[in-house]
Structure formats: C-alpha cells, structure tokens
Amino acid sequence: MPTVVTEGQYRFVIRTHEKEFEPPHVHVLIGGGDDECRIRLNDGTYMDDPPPGQFRDILDVYEQHAEEIRATWDRIHQR
C-alpha cells in the first residue's frame, strides 16, 4: 500500500489490489491509521464519511496533491 502523500496527521495511500468495480480512489489514513476514509479521484468527493470536524481539512490537503495522487493511481493500476 504505497503512501503518496503524508501531511500532518493525514496519509494518502493507494492500495495495489482493489476491486474492479470500484472507482479510482485514494485511502486517507488519519492519525495512527485507526480512522480511514476514501476520496473518489474522478470528482474529489468522499466515498466514506470522514471523522467529525475533518471534512474540509482532508479535502484541502487532497486538493493540493490531487494531480500527484491521480498519476500514482494510474501508474499502479495501469489505467
């Protein structure tokens, strides 16, 4: 599970083995990894609810690194 970006308490990772029916997405591990949510790469929306009070902070970090995250996803999944 390669880490693409780590910023503050957020770690954005791409899993190498995903289900074919799932859209391109990034996993966001929060803190020590106990909390996790996913963001769709095609439109930047959440697939899962983020922890309370962190909705905007996570999206701010994602938006700063969206290009790099998508390029890494495309390279790993060869799409």
# chains A, B, ... in the order shown; residues from 1 in each chain; ligands from 1

$ select_by_dssp --residues "chain A" --states "helix (DSSP H, G or I)" --output "short mmCIF file (atom, residue, chain, number, x, y, z; two decimals) with C-alpha atoms, in the first residue's frame"
data_model
loop_
_atom_site.label_atom_id
_atom_site.label_comp_id
_atom_site.auth_asym_id
_atom_site.auth_seq_id
_atom_site.Cartn_x
_atom_site.Cartn_y
_atom_site.Cartn_z
CA PHE A 55 -14.17 17.17 6.28
CA ARG A 56 -12.61 20.39 4.93
CA ASP A 57 -9.06 19.81 6.27
CA ILE A 58 -8.76 16.47 4.47
CA LEU A 59 -10.13 17.90 1.21
CA ASP A 60 -7.73 20.86 1.41
CA VAL A 61 -4.74 18.50 1.57
CA TYR A 62 -6.21 16.26 -1.14
CA GLU A 63 -6.78 19.20 -3.49
CA GLN A 64 -3.15 20.34 -3.09
CA HIS A 65 -1.90 16.89 -4.17
CA ALA A 66 -4.72 15.62 -6.41
CA GLU A 67 -2.59 15.53 -9.56
CA GLU A 68 0.19 13.50 -7.94
CA ILE A 69 -2.32 11.15 -6.30
CA ARG A 70 -4.13 10.50 -9.60
CA ALA A 71 -0.88 9.97 -11.51
CA THR A 72 0.23 7.43 -8.90
CA TRP A 73 -3.13 5.62 -9.04
CA ASP A 74 -2.97 5.46 -12.86
CA ARG A 75 0.59 4.11 -12.76
CA ILE A 76 -0.20 1.44 -10.17
CA HIS A 77 -3.46 0.30 -11.80
#

$ closest_residue --among "A:Pro24, A:Pro50, A:Gly44, A:Ile30" --to "Phe12 in chain A" --atoms "only C-alpha atoms"
A:Ile30

$ select_by_dssp --residues "chain A" --states "strand (DSSP E or B)" --output "list in words"
Thr3, Val4, Val5, Thr6, Glu7, Tyr10, Arg11, Phe12, Val13, His25, Val26, His27, Val28, Leu29, Ile30, Asp35, Glu36, Cys37, Arg38, Ile39, Arg40 and Tyr46 of chain A

$ decode --residues "range 49-62 of chain A" --atoms "all heavy atoms" --output "PDB file, in the first residue's frame"
ATOM      1  N   ASP A  49     -17.710   8.740   5.056  1.00  0.00           N
ATOM      2  CA  ASP A  49     -17.688   9.954   5.870  1.00  0.00           C
ATOM      3  C   ASP A  49     -16.354  10.075   6.610  1.00  0.00           C
ATOM      4  O   ASP A  49     -15.902   9.113   7.230  1.00  0.00           O
ATOM      5  CB  ASP A  49     -18.813   9.931   6.905  1.00  0.00           C
ATOM      6  CG  ASP A  49     -20.179  10.074   6.266  1.00  0.00           C
ATOM      7  OD1 ASP A  49     -20.270  10.703   5.194  1.00  0.00           O
ATOM      8  OD2 ASP A  49     -21.150   9.546   6.839  1.00  0.00           O
ATOM      9  N   PRO A  50     -15.736  11.254   6.536  1.00  0.00           N
ATOM     10  CA  PRO A  50     -14.516  11.473   7.318  1.00  0.00           C
ATOM     11  C   PRO A  50     -14.883  11.664   8.792  1.00  0.00           C
ATOM     12  O   PRO A  50     -16.048  11.884   9.118  1.00  0.00           O
ATOM     13  CB  PRO A  50     -13.944  12.757   6.725  1.00  0.00           C
ATOM     14  CG  PRO A  50     -15.135  13.484   6.216  1.00  0.00           C
ATOM     15  CD  PRO A  50     -16.102  12.430   5.750  1.00  0.00           C
ATOM     16  N   PRO A  51     -13.905  11.594   9.675  1.00  0.00           N
ATOM     17  CA  PRO A  51     -14.190  11.844  11.091  1.00  0.00           C
ATOM     18  C   PRO A  51     -14.778  13.248  11.278  1.00  0.00           C
ATOM     19  O   PRO A  51     -14.458  14.168  10.524  1.00  0.00           O
ATOM     20  CB  PRO A  51     -12.818  11.743  11.759  1.00  0.00           C
ATOM     21  CG  PRO A  51     -12.004  10.907  10.836  1.00  0.00           C
ATOM     22  CD  PRO A  51     -12.496  11.246   9.461  1.00  0.00           C
ATOM     23  N   PRO A  52     -15.625  13.406  12.276  1.00  0.00           N
ATOM     24  CA  PRO A  52     -16.245  14.713  12.529  1.00  0.00           C
ATOM     25  C   PRO A  52     -15.198  15.824  12.663  1.00  0.00           C
ATOM     26  O   PRO A  52     -14.147  15.639  13.280  1.00  0.00           O
ATOM     27  CB  PRO A  52     -16.981  14.507  13.861  1.00  0.00           C
ATOM     28  CG  PRO A  52     -17.208  13.033  13.948  1.00  0.00           C
ATOM     29  CD  PRO A  52     -16.045  12.398  13.249  1.00  0.00           C
ATOM     30  N   GLY A  53     -15.487  16.954  12.029  1.00  0.00           N
ATOM     31  CA  GLY A  53     -14.620  18.121  12.126  1.00  0.00           C
ATOM     32  C   GLY A  53     -13.424  18.111  11.189  1.00  0.00           C
ATOM     33  O   GLY A  53     -12.625  19.041  11.195  1.00  0.00           O
ATOM     34  N   GLN A  54     -13.277  17.073  10.352  1.00  0.00           N
ATOM     35  CA  GLN A  54     -12.102  16.987   9.483  1.00  0.00           C
ATOM     36  C   GLN A  54     -12.443  17.017   7.993  1.00  0.00           C
ATOM     37  O   GLN A  54     -11.551  16.916   7.154  1.00  0.00           O
ATOM     38  CB  GLN A  54     -11.317  15.716   9.816  1.00  0.00           C
ATOM     39  CG  GLN A  54     -10.800  15.758  11.245  1.00  0.00           C
ATOM     40  CD  GLN A  54      -9.901  14.602  11.563  1.00  0.00           C
ATOM     41  OE1 GLN A  54      -9.060  14.215  10.756  1.00  0.00           O
ATOM     42  NE2 GLN A  54     -10.065  14.047  12.736  1.00  0.00           N
ATOM     43  N   PHE A  55     -13.702  17.184   7.669  1.00  0.00           N
ATOM     44  CA  PHE A  55     -14.166  17.172   6.285  1.00  0.00           C
ATOM     45  C   PHE A  55     -13.346  18.114   5.401  1.00  0.00           C
ATOM     46  O   PHE A  55     -12.763  17.705   4.405  1.00  0.00           O
ATOM     47  CB  PHE A  55     -15.652  17.569   6.250  1.00  0.00           C
ATOM     48  CG  PHE A  55     -16.281  17.497   4.894  1.00  0.00           C
ATOM     49  CD1 PHE A  55     -16.979  16.372   4.515  1.00  0.00           C
ATOM     50  CD2 PHE A  55     -16.203  18.564   4.000  1.00  0.00           C
ATOM     51  CE1 PHE A  55     -17.578  16.293   3.256  1.00  0.00           C
ATOM     52  CE2 PHE A  55     -16.786  18.492   2.757  1.00  0.00           C
ATOM     53  CZ  PHE A  55     -17.477  17.355   2.379  1.00  0.00           C
ATOM     54  N   ARG A  56     -13.287  19.380   5.758  1.00  0.00           N
ATOM     55  CA  ARG A  56     -12.611  20.387   4.933  1.00  0.00           C
ATOM     56  C   ARG A  56     -11.093  20.247   4.986  1.00  0.00           C
ATOM     57  O   ARG A  56     -10.415  20.413   3.966  1.00  0.00           O
ATOM     58  CB  ARG A  56     -13.025  21.792   5.403  1.00  0.00           C
ATOM     59  CG  ARG A  56     -12.498  22.909   4.531  1.00  0.00           C
ATOM     60  CD  ARG A  56     -13.245  22.970   3.212  1.00  0.00           C
ATOM     61  NE  ARG A  56     -12.325  22.597   2.128  1.00  0.00           N
ATOM     62  CZ  ARG A  56     -12.687  22.262   0.912  1.00  0.00           C
ATOM     63  NH1 ARG A  56     -13.937  22.232   0.576  1.00  0.00           N
ATOM     64  NH2 ARG A  56     -11.813  21.946  -0.001  1.00  0.00           N
ATOM     65  N   ASP A  57     -10.518  19.930   6.155  1.00  0.00           N
ATOM     66  CA  ASP A  57      -9.059  19.806   6.269  1.00  0.00           C
ATOM     67  C   ASP A  57      -8.520  18.712   5.357  1.00  0.00           C
ATOM     68  O   ASP A  57      -7.507  18.892   4.681  1.00  0.00           O
ATOM     69  CB  ASP A  57      -8.650  19.511   7.720  1.00  0.00           C
ATOM     70  CG  ASP A  57      -8.901  20.695   8.642  1.00  0.00           C
ATOM     71  OD1 ASP A  57      -9.041  21.829   8.150  1.00  0.00           O
ATOM     72  OD2 ASP A  57      -8.965  20.469   9.864  1.00  0.00           O
ATOM     73  N   ILE A  58      -9.204  17.572   5.329  1.00  0.00           N
ATOM     74  CA  ILE A  58      -8.759  16.468   4.468  1.00  0.00           C
ATOM     75  C   ILE A  58      -8.857  16.877   3.008  1.00  0.00           C
ATOM     76  O   ILE A  58      -7.919  16.653   2.227  1.00  0.00           O
ATOM     77  CB  ILE A  58      -9.576  15.195   4.752  1.00  0.00           C
ATOM     78  CG1 ILE A  58      -9.264  14.671   6.154  1.00  0.00           C
ATOM     79  CG2 ILE A  58      -9.290  14.122   3.704  1.00  0.00           C
ATOM     80  CD1 ILE A  58     -10.187  13.570   6.633  1.00  0.00           C
ATOM     81  N   LEU A  59      -9.977  17.479   2.610  1.00  0.00           N
ATOM     82  CA  LEU A  59     -10.129  17.899   1.213  1.00  0.00           C
ATOM     83  C   LEU A  59      -9.103  18.952   0.814  1.00  0.00           C
ATOM     84  O   LEU A  59      -8.628  18.947  -0.326  1.00  0.00           O
ATOM     85  CB  LEU A  59     -11.542  18.413   0.952  1.00  0.00           C
ATOM     86  CG  LEU A  59     -12.622  17.357   0.778  1.00  0.00           C
ATOM     87  CD1 LEU A  59     -13.952  18.028   0.455  1.00  0.00           C
ATOM     88  CD2 LEU A  59     -12.265  16.342  -0.282  1.00  0.00           C
ATOM     89  N   ASP A  60      -8.754  19.847   1.725  1.00  0.00           N
ATOM     90  CA  ASP A  60      -7.733  20.857   1.414  1.00  0.00           C
ATOM     91  C   ASP A  60      -6.412  20.192   1.062  1.00  0.00           C
ATOM     92  O   ASP A  60      -5.756  20.568   0.080  1.00  0.00           O
ATOM     93  CB  ASP A  60      -7.532  21.819   2.588  1.00  0.00           C
ATOM     94  CG  ASP A  60      -8.668  22.826   2.737  1.00  0.00           C
ATOM     95  OD1 ASP A  60      -9.475  22.983   1.787  1.00  0.00           O
ATOM     96  OD2 ASP A  60      -8.762  23.443   3.817  1.00  0.00           O
ATOM     97  N   VAL A  61      -6.005  19.215   1.850  1.00  0.00           N
ATOM     98  CA  VAL A  61      -4.741  18.505   1.575  1.00  0.00           C
ATOM     99  C   VAL A  61      -4.872  17.723   0.271  1.00  0.00           C
ATOM    100  O   VAL A  61      -3.979  17.752  -0.578  1.00  0.00           O
ATOM    101  CB  VAL A  61      -4.334  17.584   2.746  1.00  0.00           C
ATOM    102  CG1 VAL A  61      -3.084  16.785   2.396  1.00  0.00           C
ATOM    103  CG2 VAL A  61      -4.117  18.393   4.018  1.00  0.00           C
ATOM    104  N   TYR A  62      -5.989  17.032   0.097  1.00  0.00           N
ATOM    105  CA  TYR A  62      -6.207  16.265  -1.135  1.00  0.00           C
ATOM    106  C   TYR A  62      -6.100  17.167  -2.364  1.00  0.00           C
ATOM    107  O   TYR A  62      -5.405  16.827  -3.332  1.00  0.00           O
ATOM    108  CB  TYR A  62      -7.573  15.566  -1.105  1.00  0.00           C
ATOM    109  CG  TYR A  62      -7.950  15.034  -2.458  1.00  0.00           C
ATOM    110  CD1 TYR A  62      -7.340  13.898  -2.965  1.00  0.00           C
ATOM    111  CD2 TYR A  62      -8.869  15.702  -3.264  1.00  0.00           C
ATOM    112  CE1 TYR A  62      -7.645  13.429  -4.234  1.00  0.00           C
ATOM    113  CE2 TYR A  62      -9.186  15.244  -4.522  1.00  0.00           C
ATOM    114  CZ  TYR A  62      -8.572  14.104  -5.003  1.00  0.00           C
ATOM    115  OH  TYR A  62      -8.870  13.655  -6.267  1.00  0.00           O
TER     116      TYR A  62
END
